Amino acid sequence: SAVISQKPSRDICQRGTSLTIQCQVDSQVTMMFWYRQQPGQSLTLIATANQGSEATYESGFVIDKFPISRPNLTFSTLTVSNMSPEDSSIYLCSGLWGAREKLFFGSGTQLSVL
Amino acid sequence: GENVEQHPSTLSVQEGDSAVIKCTYSDSASNYFPWYKQELGKRPQLIIDIRSNVGEKKDQRIAVTLNKTAKHFSLHITETQPEDSAVYFCAAWWETSGSRLTFGEGTQLTVNP
């Protein structure tokens, strides 16, 4: 299975600030994605992190709010910008392992915005 | 886009009984259907998956069935144990306008000792 390291594991932030979440995957991972999981809910795809180019965002998510970088195959960051309490959620990095579409998740970042 | 519906949202069974969770999907081009188990405070874990060229797959007490014609797939857990208690998510791999995994809303399974 893929190794995915995500940090920080949790943070408490003030309204209006930004938080950058880091994700490191092993070399078997081909595609990387960022998901959000609001309390008691399912996983919602924010964007696909593309190596060396702009991320592909899902409907309802925009680059200004959730800038994503993927400078190389094994590293990506998600920034939650200008945070409000509505951004309180778990953010999950995920990686597609090999060519067989098995998606594995990082341990998540529990974000609380005051 | 792809839409995945999952039922029931909650399921309570007695230890030793079987549990069945059902999902339907909308995109007939979807060809890969994984199931994830998420324990409280932990990441979703892939527990079993099935591809469209297979009708059924089994791994010990867990099995998944797929009906491509009806666009249904189901998770079956036999001889349930308290440690099976978790939220289970079905998903469908969607390749129209980019590749992505779309999740159902989840089923909270409680196994009572």
# chains A, B, ... in the order shown; residues from 1 in each chain; ligands from 1
$ interface_residues --of "chain A" --to "chain B" --cutoff "9 Å" --atoms "only C-alpha atoms" --output "PyMOL selection string"
chain A and resi 33+41-45+48+56+92+101-108
$ write_last_selection --atoms "all heavy atoms" --output "CSV table (one decimal), in the first residue's frame"
chain,number,residue,atom,x,y,z
A,33,PHE,N,-4.8,13.8,-4.8
A,33,PHE,CA,-6.1,14.5,-4.6
A,33,PHE,C,-6.2,15.1,-3.2
A,33,PHE,O,-5.6,14.6,-2.3
A,33,PHE,CB,-7.3,13.6,-4.8
A,33,PHE,CG,-7.3,12.8,-6.1
A,33,PHE,CD1,-6.7,11.6,-6.2
A,33,PHE,CD2,-7.9,13.4,-7.2
A,33,PHE,CE1,-6.7,10.9,-7.4
A,33,PHE,CE2,-8.0,12.7,-8.4
A,33,PHE,CZ,-7.3,11.4,-8.5
A,41,GLN,N,-19.9,13.9,7.9
A,41,GLN,CA,-20.3,13.8,6.4
A,41,GLN,C,-19.3,13.0,5.6
A,41,GLN,O,-18.4,12.4,6.1
A,41,GLN,CB,-20.5,15.2,5.9
A,41,GLN,CG,-21.6,16.0,6.6
A,41,GLN,CD,-21.9,17.3,5.8
A,41,GLN,OE1,-21.6,17.4,4.6
A,41,GLN,NE2,-22.5,18.2,6.5
A,42,SER,N,-19.6,12.9,4.3
A,42,SER,CA,-18.8,12.1,3.4
A,42,SER,C,-17.6,12.9,3.0
A,42,SER,O,-17.4,14.0,3.4
A,42,SER,CB,-19.7,11.7,2.2
A,42,SER,OG,-19.0,10.8,1.4
A,43,LEU,N,-16.9,12.3,2.1
A,43,LEU,CA,-15.7,12.9,1.5
A,43,LEU,C,-16.0,13.7,0.2
A,43,LEU,O,-16.6,13.1,-0.7
A,43,LEU,CB,-14.6,11.9,1.2
A,43,LEU,CG,-14.1,11.1,2.5
A,43,LEU,CD1,-14.7,9.7,2.6
A,43,LEU,CD2,-12.6,11.1,2.5
A,44,THR,N,-15.6,14.9,0.2
A,44,THR,CA,-15.9,15.8,-1.0
A,44,THR,C,-14.5,16.2,-1.6
A,44,THR,O,-13.6,16.7,-0.9
A,44,THR,CB,-16.6,17.1,-0.6
A,44,THR,OG1,-17.9,16.7,0.0
A,44,THR,CG2,-16.9,17.9,-1.8
A,45,LEU,N,-14.4,15.9,-2.9
A,45,LEU,CA,-13.2,16.2,-3.6
A,45,LEU,C,-13.0,17.7,-3.8
A,45,LEU,O,-14.0,18.4,-4.3
A,45,LEU,CB,-13.2,15.5,-5.0
A,45,LEU,CG,-11.9,15.7,-5.8
A,45,LEU,CD1,-10.7,15.1,-5.1
A,45,LEU,CD2,-12.1,15.0,-7.2
A,48,THR,N,-7.8,18.0,-7.9
A,48,THR,CA,-6.7,17.1,-8.3
A,48,THR,C,-5.4,17.9,-8.4
A,48,THR,O,-5.4,19.0,-9.0
A,48,THR,CB,-7.0,16.5,-9.7
A,48,THR,OG1,-8.2,15.8,-9.6
A,48,THR,CG2,-5.9,15.5,-10.1
A,56,THR,N,-6.7,21.0,-10.7
A,56,THR,CA,-8.0,20.9,-11.3
A,56,THR,C,-9.0,20.9,-10.2
A,56,THR,O,-9.1,20.0,-9.5
A,56,THR,CB,-8.2,19.7,-12.2
A,56,THR,OG1,-7.1,19.6,-13.2
A,56,THR,CG2,-9.5,19.7,-12.9
A,92,LEU,N,-8.1,16.0,3.8
A,92,LEU,CA,-7.4,14.7,3.6
A,92,LEU,C,-6.6,14.8,2.3
A,92,LEU,O,-7.2,15.0,1.2
A,92,LEU,CB,-8.4,13.6,3.6
A,92,LEU,CG,-9.0,13.2,4.9
A,92,LEU,CD1,-10.4,12.7,4.7
A,92,LEU,CD2,-8.2,12.2,5.7
A,101,GLU,N,-5.8,2.2,-9.7
A,101,GLU,CA,-6.9,3.0,-9.1
A,101,GLU,C,-7.2,2.8,-7.7
A,101,GLU,O,-8.3,3.0,-7.2
A,101,GLU,CB,-8.2,2.8,-9.9
A,101,GLU,CG,-8.0,3.3,-11.4
A,101,GLU,CD,-9.0,2.5,-12.3
A,101,GLU,OE1,-9.2,1.3,-12.1
A,101,GLU,OE2,-9.5,3.1,-13.2
A,102,LYS,N,-6.2,2.3,-6.9
A,102,LYS,CA,-6.4,2.1,-5.5
A,102,LYS,C,-6.0,3.4,-4.8
A,102,LYS,O,-4.9,3.9,-4.9
A,102,LYS,CB,-5.6,1.0,-4.9
A,102,LYS,CG,-6.1,-0.4,-5.4
A,102,LYS,CD,-5.3,-1.5,-4.8
A,102,LYS,CE,-5.8,-2.9,-5.3
A,102,LYS,NZ,-7.2,-3.2,-4.9
A,103,LEU,N,-7.0,4.1,-4.2
A,103,LEU,CA,-6.8,5.4,-3.5
A,103,LEU,C,-6.6,5.2,-2.1
A,103,LEU,O,-7.4,4.5,-1.4
A,103,LEU,CB,-8.0,6.2,-3.8
A,103,LEU,CG,-7.8,7.7,-3.4
A,103,LEU,CD1,-6.9,8.4,-4.4
A,103,LEU,CD2,-9.2,8.4,-3.4
A,104,PHE,N,-5.5,5.8,-1.6
A,104,PHE,CA,-5.1,5.7,-0.2
A,104,PHE,C,-5.1,7.1,0.4
A,104,PHE,O,-4.8,8.1,-0.3
A,104,PHE,CB,-3.8,5.0,0.1
A,104,PHE,CG,-3.8,3.6,-0.3
A,104,PHE,CD1,-3.4,3.2,-1.6
A,104,PHE,CD2,-4.2,2.6,0.5
A,104,PHE,CE1,-3.4,1.9,-2.0
A,104,PHE,CE2,-4.2,1.3,0.2
A,104,PHE,CZ,-3.8,0.9,-1.1
A,105,PHE,N,-5.4,7.2,1.7
A,105,PHE,CA,-5.5,8.5,2.3
A,105,PHE,C,-4.4,8.8,3.4
A,105,PHE,O,-4.0,7.8,4.0
A,105,PHE,CB,-6.9,8.6,3.0
A,105,PHE,CG,-8.1,8.8,2.1
A,105,PHE,CD1,-8.7,7.7,1.6
A,105,PHE,CD2,-8.5,10.1,1.7
A,105,PHE,CE1,-9.8,7.8,0.7
A,105,PHE,CE2,-9.5,10.2,0.8
A,105,PHE,CZ,-10.2,9.1,0.3
A,106,GLY,N,-4.1,10.1,3.5
A,106,GLY,CA,-3.3,10.5,4.6
A,106,GLY,C,-4.1,10.5,5.9
A,106,GLY,O,-5.3,10.2,5.8
A,107,SER,N,-3.4,10.8,7.0
A,107,SER,CA,-4.1,10.7,8.3
A,107,SER,C,-5.0,11.9,8.5
A,107,SER,O,-5.8,11.9,9.5
A,107,SER,CB,-3.1,10.6,9.4
A,107,SER,OG,-2.2,11.6,9.3
A,108,GLY,N,-5.0,12.9,7.6
A,108,GLY,CA,-5.9,14.0,7.8
A,108,GLY,C,-5.4,15.2,8.6
A,108,GLY,O,-4.5,15.0,9.5
$ residues_around --residues "range 21-31 of chain B" --least-positions-apart "2" --cutoff "7 Å" --atoms "only C-alpha atoms" --output "PDB file with C-alpha atoms, in the first residue's frame"
ATOM      1  CA  GLU B   2     -21.165  10.965 -11.160  1.00  0.00           C
ATOM      2  CA  ASN B   3     -23.662  10.519  -8.357  1.00  0.00           C
ATOM      3  CA  VAL B   4     -23.403   7.725  -5.805  1.00  0.00           C
ATOM      4  CA  GLU B   5     -26.304   6.969  -3.485  1.00  0.00           C
ATOM      5  CA  GLN B   6     -25.797   4.796  -0.424  1.00  0.00           C
ATOM      6  CA  HIS B   7     -28.325   3.072   1.847  1.00  0.00           C
ATOM      7  CA  PRO B   8     -28.981   2.752   4.682  1.00  0.00           C
ATOM      8  CA  ALA B  19     -24.853  -6.647   7.348  1.00  0.00           C
ATOM      9  CA  PHE B  33     -15.964   0.402  -7.110  1.00  0.00           C
ATOM     10  CA  ARG B  51     -13.953  -3.940 -11.139  1.00  0.00           C
ATOM     11  CA  SER B  52     -16.654  -3.966 -13.766  1.00  0.00           C
ATOM     12  CA  LYS B  71     -25.796   0.088 -11.677  1.00  0.00           C
ATOM     13  CA  HIS B  72     -25.915  -1.363  -8.168  1.00  0.00           C
ATOM     14  CA  PHE B  73     -23.157  -2.658  -5.940  1.00  0.00           C
ATOM     15  CA  SER B  74     -23.329  -3.957  -2.396  1.00  0.00           C
ATOM     16  CA  LEU B  75     -21.089  -4.716   0.563  1.00  0.00           C
ATOM     17  CA  HIS B  76     -21.824  -7.863   2.566  1.00  0.00           C
ATOM     18  CA  CYS B  90     -18.864   3.163  -1.154  1.00  0.00           C
ATOM     19  CA  ALA B  92     -17.265   4.886  -7.885  1.00  0.00           C
ATOM     20  CA  TRP B  93     -14.388   5.788 -10.151  1.00  0.00           C
ATOM     21  CA  TRP B  94     -15.505   8.375 -12.635  1.00  0.00           C
ATOM     22  CA  GLU B  95     -13.490   9.101 -15.765  1.00  0.00           C
TER      23      GLU B  95
END
$ atom_distance --atom1 "CA of Gln81 in chain B" --atom2 "CA of Lys58 in chain B"
17.4 Å
$ residues_around --residues "Arg15 in chain A" --least-positions-apart "5" --cutoff "12 Å" --atoms "only C-alpha atoms" --output "short mmCIF file (atom, residue, chain, number, x, y, z; two decimals) with all heavy atoms, in the first residue's frame"
data_model
loop_
_atom_site.label_atom_id
_atom_site.label_comp_id
_atom_site.auth_asym_id
_atom_site.auth_seq_id
_atom_site.Cartn_x
_atom_site.Cartn_y
_atom_site.Cartn_z
N VAL A 80 -5.49 26.67 2.95
CA VAL A 80 -6.84 27.17 3.20
C VAL A 80 -6.68 28.65 3.53
O VAL A 80 -6.08 28.99 4.56
CB VAL A 80 -7.55 26.41 4.33
CG1 VAL A 80 -9.00 26.86 4.45
CG2 VAL A 80 -7.48 24.91 4.10
N SER A 81 -7.18 29.52 2.66
CA SER A 81 -6.90 30.94 2.76
C SER A 81 -8.05 31.72 3.40
O SER A 81 -9.22 31.32 3.29
CB SER A 81 -6.64 31.52 1.35
OG SER A 81 -5.59 30.85 0.72
N ASN A 82 -7.68 32.79 4.07
CA ASN A 82 -8.67 33.71 4.62
C ASN A 82 -9.79 32.92 5.32
O ASN A 82 -10.97 33.01 4.97
CB ASN A 82 -9.26 34.59 3.52
CG ASN A 82 -10.16 35.69 4.07
OD1 ASN A 82 -10.03 36.10 5.23
ND2 ASN A 82 -11.08 36.14 3.26
N MET A 83 -9.39 32.15 6.30
CA MET A 83 -10.29 31.16 6.91
C MET A 83 -11.44 31.78 7.67
O MET A 83 -11.32 32.86 8.29
CB MET A 83 -9.49 30.25 7.83
CG MET A 83 -8.60 29.27 7.06
SD MET A 83 -7.75 28.13 8.14
CE MET A 83 -6.49 29.19 8.84
N SER A 84 -12.56 31.08 7.66
CA SER A 84 -13.73 31.42 8.45
C SER A 84 -14.16 30.15 9.19
O SER A 84 -13.71 29.06 8.85
CB SER A 84 -14.86 31.91 7.54
OG SER A 84 -15.31 30.85 6.73
N PRO A 85 -15.03 30.28 10.19
CA PRO A 85 -15.45 29.08 10.93
C PRO A 85 -16.05 28.00 10.03
O PRO A 85 -15.95 26.82 10.35
CB PRO A 85 -16.50 29.64 11.90
CG PRO A 85 -16.04 31.04 12.16
CD PRO A 85 -15.49 31.52 10.84
N GLU A 86 -16.61 28.38 8.89
CA GLU A 86 -17.18 27.40 7.96
C GLU A 86 -16.11 26.48 7.34
O GLU A 86 -16.44 25.44 6.76
CB GLU A 86 -17.95 28.10 6.85
CG GLU A 86 -19.22 28.82 7.29
CD GLU A 86 -18.95 30.06 8.10
OE1 GLU A 86 -17.97 30.79 7.79
OE2 GLU A 86 -19.71 30.32 9.07
N ASP A 87 -14.87 26.89 7.43
CA ASP A 87 -13.77 26.06 6.90
C ASP A 87 -13.34 24.99 7.90
O ASP A 87 -12.48 24.14 7.57
CB ASP A 87 -12.57 26.95 6.55
CG ASP A 87 -12.87 27.91 5.41
OD1 ASP A 87 -13.55 27.48 4.46
OD2 ASP A 87 -12.45 29.07 5.49
N SER A 88 -13.91 25.00 9.09
CA SER A 88 -13.57 23.97 10.08
C SER A 88 -13.98 22.61 9.53
O SER A 88 -15.15 22.38 9.22
CB SER A 88 -14.28 24.25 11.40
OG SER A 88 -13.85 25.49 11.94
N LEU A 111 -8.91 20.79 11.19
CA LEU A 111 -8.80 22.25 11.26
C LEU A 111 -10.00 22.83 11.99
O LEU A 111 -11.15 22.52 11.65
CB LEU A 111 -8.74 22.83 9.84
CG LEU A 111 -8.82 24.35 9.72
CD1 LEU A 111 -7.65 25.02 10.44
CD2 LEU A 111 -8.85 24.77 8.25
N SER A 112 -9.72 23.65 12.98
CA SER A 112 -10.76 24.39 13.69
C SER A 112 -10.47 25.87 13.53
O SER A 112 -9.34 26.30 13.78
CB SER A 112 -10.78 24.01 15.17
OG SER A 112 -11.09 22.64 15.33
N VAL A 113 -11.46 26.63 13.09
CA VAL A 113 -11.30 28.07 12.89
C VAL A 113 -12.19 28.81 13.88
O VAL A 113 -13.40 28.58 13.94
CB VAL A 113 -11.66 28.47 11.45
CG1 VAL A 113 -11.39 29.96 11.24
CG2 VAL A 113 -10.88 27.65 10.44
N LEU A 114 -11.55 29.66 14.66
CA LEU A 114 -12.29 30.39 15.70
C LEU A 114 -12.73 31.77 15.22
O LEU A 114 -12.07 32.37 14.37
CB LEU A 114 -11.42 30.51 16.95
CG LEU A 114 -10.87 29.18 17.49
CD1 LEU A 114 -10.01 29.43 18.71
CD2 LEU A 114 -12.03 28.25 17.84
#
$ select_by_dssp --residues "range 19-112 of chain A" --states "strand (DSSP E)" --output "compact mmCIF listing (two decimals) with N, CA, C and O atoms, in the first residue's frame"
# COMPACT_ATOMS: atom_id res chain seq x y z
N LEU A 19 -3.74 28.59 6.43
CA LEU A 19 -3.03 27.41 6.89
C LEU A 19 -2.60 26.59 5.69
O LEU A 19 -3.40 26.34 4.78
N THR A 20 -1.36 26.16 5.69
CA THR A 20 -0.86 25.29 4.62
C THR A 20 -0.65 23.89 5.15
O THR A 20 0.02 23.69 6.17
N ILE A 21 -1.24 22.93 4.46
CA ILE A 21 -1.15 21.52 4.82
C ILE A 21 -0.20 20.85 3.83
O ILE A 21 -0.29 21.08 2.62
N GLN A 22 0.68 20.02 4.36
CA GLN A 22 1.66 19.36 3.52
C GLN A 22 1.37 17.87 3.41
O GLN A 22 0.92 17.24 4.38
N CYS A 23 1.68 17.32 2.25
CA CYS A 23 1.45 15.89 2.00
C CYS A 23 2.63 15.32 1.23
O CYS A 23 3.00 15.84 0.18
N GLN A 24 3.18 14.25 1.78
CA GLN A 24 4.31 13.56 1.14
C GLN A 24 3.87 12.14 0.85
O GLN A 24 3.38 11.45 1.74
N VAL A 25 4.07 11.69 -0.39
CA VAL A 25 3.69 10.32 -0.75
C VAL A 25 4.89 9.57 -1.28
O VAL A 25 5.89 10.18 -1.67
N VAL A 29 2.87 6.41 -6.07
CA VAL A 29 1.65 7.19 -6.27
C VAL A 29 1.72 7.95 -7.58
O VAL A 29 2.71 8.61 -7.88
N THR A 30 0.64 7.87 -8.36
CA THR A 30 0.61 8.56 -9.65
C THR A 30 -0.20 9.86 -9.57
O THR A 30 0.28 10.90 -9.98
N MET A 31 -1.39 9.79 -9.05
CA MET A 31 -2.23 10.98 -8.94
C MET A 31 -2.40 11.35 -7.47
O MET A 31 -2.43 10.47 -6.59
N MET A 32 -2.57 12.64 -7.20
CA MET A 32 -2.81 13.12 -5.84
C MET A 32 -4.07 13.97 -5.82
O MET A 32 -4.32 14.75 -6.77
N PHE A 33 -4.83 13.82 -4.76
CA PHE A 33 -6.09 14.54 -4.63
C PHE A 33 -6.18 15.12 -3.21
O PHE A 33 -5.61 14.59 -2.26
N TRP A 34 -6.98 16.17 -3.09
CA TRP A 34 -7.31 16.74 -1.79
C TRP A 34 -8.82 16.65 -1.58
O TRP A 34 -9.61 17.07 -2.44
N TYR A 35 -9.19 16.09 -0.40
CA TYR A 35 -10.59 15.95 -0.04
C TYR A 35 -10.87 16.75 1.23
O TYR A 35 -9.98 16.99 2.05
N ARG A 36 -12.13 17.10 1.40
CA ARG A 36 -12.61 17.70 2.64
C ARG A 36 -13.69 16.80 3.21
O ARG A 36 -14.54 16.28 2.47
N GLN A 37 -13.65 16.65 4.53
CA GLN A 37 -14.68 15.87 5.21
C GLN A 37 -15.23 16.69 6.36
O GLN A 37 -14.56 16.84 7.39
N LEU A 43 -16.87 12.31 2.06
CA LEU A 43 -15.66 12.94 1.53
C LEU A 43 -16.00 13.68 0.24
O LEU A 43 -16.58 13.10 -0.68
N THR A 44 -15.61 14.94 0.19
CA THR A 44 -15.86 15.78 -0.98
C THR A 44 -14.54 16.16 -1.61
O THR A 44 -13.64 16.69 -0.94
N LEU A 45 -14.42 15.90 -2.90
CA LEU A 45 -13.18 16.21 -3.60
C LEU A 45 -13.04 17.71 -3.79
O LEU A 45 -13.95 18.36 -4.34
N ILE A 46 -11.92 18.26 -3.36
CA ILE A 46 -11.62 19.67 -3.57
C ILE A 46 -10.98 19.86 -4.94
O ILE A 46 -11.42 20.66 -5.76
N ALA A 47 -9.90 19.09 -5.18
CA ALA A 47 -9.17 19.27 -6.43
C ALA A 47 -8.21 18.12 -6.65
O ALA A 47 -7.84 17.40 -5.72
N THR A 48 -7.80 17.98 -7.89
CA THR A 48 -6.72 17.08 -8.28
C THR A 48 -5.45 17.92 -8.35
O THR A 48 -5.42 18.96 -9.03
N ALA A 49 -4.42 17.47 -7.65
CA ALA A 49 -3.14 18.18 -7.65
C ALA A 49 -2.33 17.71 -8.84
O ALA A 49 -1.98 16.53 -8.93
N THR A 56 -6.68 21.00 -10.72
CA THR A 56 -8.01 20.94 -11.34
C THR A 56 -9.04 20.94 -10.22
O THR A 56 -9.12 19.97 -9.46
N TYR A 57 -9.83 21.99 -10.14
CA TYR A 57 -10.77 22.18 -9.03
C TYR A 57 -12.16 21.67 -9.37
O TYR A 57 -12.62 21.77 -10.52
N ILE A 68 -3.29 25.18 -4.39
CA ILE A 68 -2.65 23.87 -4.28
C ILE A 68 -1.38 23.89 -5.11
O ILE A 68 -1.37 24.41 -6.22
N SER A 69 -0.34 23.31 -4.56
CA SER A 69 0.89 23.14 -5.32
C SER A 69 1.27 21.68 -5.35
O SER A 69 0.93 20.91 -4.44
N ARG A 70 1.94 21.29 -6.43
CA ARG A 70 2.54 19.96 -6.51
C ARG A 70 3.82 20.12 -7.34
O ARG A 70 3.82 19.87 -8.53
N PRO A 71 4.89 20.53 -6.68
CA PRO A 71 6.12 20.83 -7.41
C PRO A 71 6.82 19.59 -7.98
O PRO A 71 7.59 19.71 -8.92
N ASN A 72 6.55 18.43 -7.38
CA ASN A 72 7.13 17.19 -7.90
C ASN A 72 6.14 16.06 -7.68
O ASN A 72 5.04 16.26 -7.15
N PHE A 75 5.11 15.29 -3.61
CA PHE A 75 4.82 16.31 -2.60
C PHE A 75 3.76 17.26 -3.09
O PHE A 75 3.75 17.68 -4.25
N SER A 76 2.82 17.60 -2.18
CA SER A 76 1.79 18.56 -2.51
C SER A 76 1.42 19.35 -1.27
O SER A 76 1.56 18.87 -0.14
N THR A 77 0.94 20.57 -1.47
CA THR A 77 0.43 21.37 -0.37
C THR A 77 -0.95 21.91 -0.73
O THR A 77 -1.25 22.18 -1.91
N LEU A 78 -1.77 22.04 0.28
CA LEU A 78 -3.07 22.69 0.18
C LEU A 78 -3.08 23.83 1.18
O LEU A 78 -2.76 23.62 2.36
N THR A 79 -3.42 25.02 0.72
CA THR A 79 -3.57 26.15 1.62
C THR A 79 -5.05 26.49 1.74
O THR A 79 -5.75 26.58 0.72
N VAL A 80 -5.49 26.67 2.95
CA VAL A 80 -6.84 27.17 3.20
C VAL A 80 -6.68 28.65 3.53
O VAL A 80 -6.08 28.99 4.56
N SER A 89 -13.01 21.73 9.42
CA SER A 89 -13.27 20.46 8.75
C SER A 89 -12.01 19.60 8.87
O SER A 89 -10.99 20.04 9.39
N ILE A 90 -12.11 18.38 8.35
CA ILE A 90 -10.92 17.55 8.18
C ILE A 90 -10.53 17.62 6.71
O ILE A 90 -11.37 17.45 5.82
N TYR A 91 -9.26 17.87 6.47
CA TYR A 91 -8.73 17.92 5.10
C TYR A 91 -7.82 16.71 4.91
O TYR A 91 -6.93 16.44 5.71
N LEU A 92 -8.08 15.98 3.84
CA LEU A 92 -7.39 14.72 3.60
C LEU A 92 -6.65 14.75 2.27
O LEU A 92 -7.23 15.04 1.22
N CYS A 93 -5.38 14.44 2.35
CA CYS A 93 -4.59 14.22 1.15
C CYS A 93 -4.79 12.77 0.73
O CYS A 93 -4.93 11.88 1.59
N SER A 94 -4.79 12.50 -0.55
CA SER A 94 -4.91 11.11 -1.01
C SER A 94 -4.05 10.89 -2.24
O SER A 94 -3.76 11.83 -2.99
N GLY A 95 -3.67 9.64 -2.41
CA GLY A 95 -2.83 9.29 -3.54
C GLY A 95 -3.34 8.04 -4.23
O GLY A 95 -3.80 7.10 -3.58
N LEU A 96 -3.26 8.05 -5.54
CA LEU A 96 -3.66 6.90 -6.34
C LEU A 96 -2.44 6.02 -6.52
O LEU A 96 -1.41 6.47 -7.06
N TRP A 97 -2.54 4.81 -6.09
CA TRP A 97 -1.39 3.91 -6.06
C TRP A 97 -1.25 3.17 -7.37
O TRP A 97 -2.18 2.48 -7.82
N LYS A 102 -6.22 2.27 -6.91
CA LYS A 102 -6.43 2.13 -5.47
C LYS A 102 -6.04 3.43 -4.81
O LYS A 102 -4.89 3.87 -4.88
N LEU A 103 -7.00 4.05 -4.16
CA LEU A 103 -6.79 5.35 -3.54
C LEU A 103 -6.56 5.18 -2.05
O LEU A 103 -7.36 4.55 -1.37
N PHE A 104 -5.47 5.76 -1.58
CA PHE A 104 -5.15 5.71 -0.16
C PHE A 104 -5.13 7.12 0.40
O PHE A 104 -4.82 8.08 -0.32
N PHE A 105 -5.43 7.23 1.69
CA PHE A 105 -5.55 8.53 2.33
C PHE A 105 -4.45 8.78 3.35
O PHE A 105 -3.98 7.85 4.02
N THR A 109 -5.95 16.34 8.38
CA THR A 109 -5.67 17.53 9.18
C THR A 109 -7.00 18.04 9.73
O THR A 109 -7.88 18.42 8.96
N GLN A 110 -7.12 18.00 11.04
CA GLN A 110 -8.32 18.50 11.70
C GLN A 110 -8.15 20.00 11.91
O GLN A 110 -7.32 20.42 12.71
N LEU A 111 -8.91 20.79 11.19
CA LEU A 111 -8.80 22.25 11.26
C LEU A 111 -10.00 22.83 11.99
O LEU A 111 -11.15 22.52 11.65
N SER A 112 -9.72 23.65 12.98
CA SER A 112 -10.76 24.39 13.69
C SER A 112 -10.47 25.87 13.53
O SER A 112 -9.34 26.30 13.78
$ atom_distance --atom1 "CA of Thr80 in chain B" --atom2 "CA of Gln14 in chain B"
7.6 Å
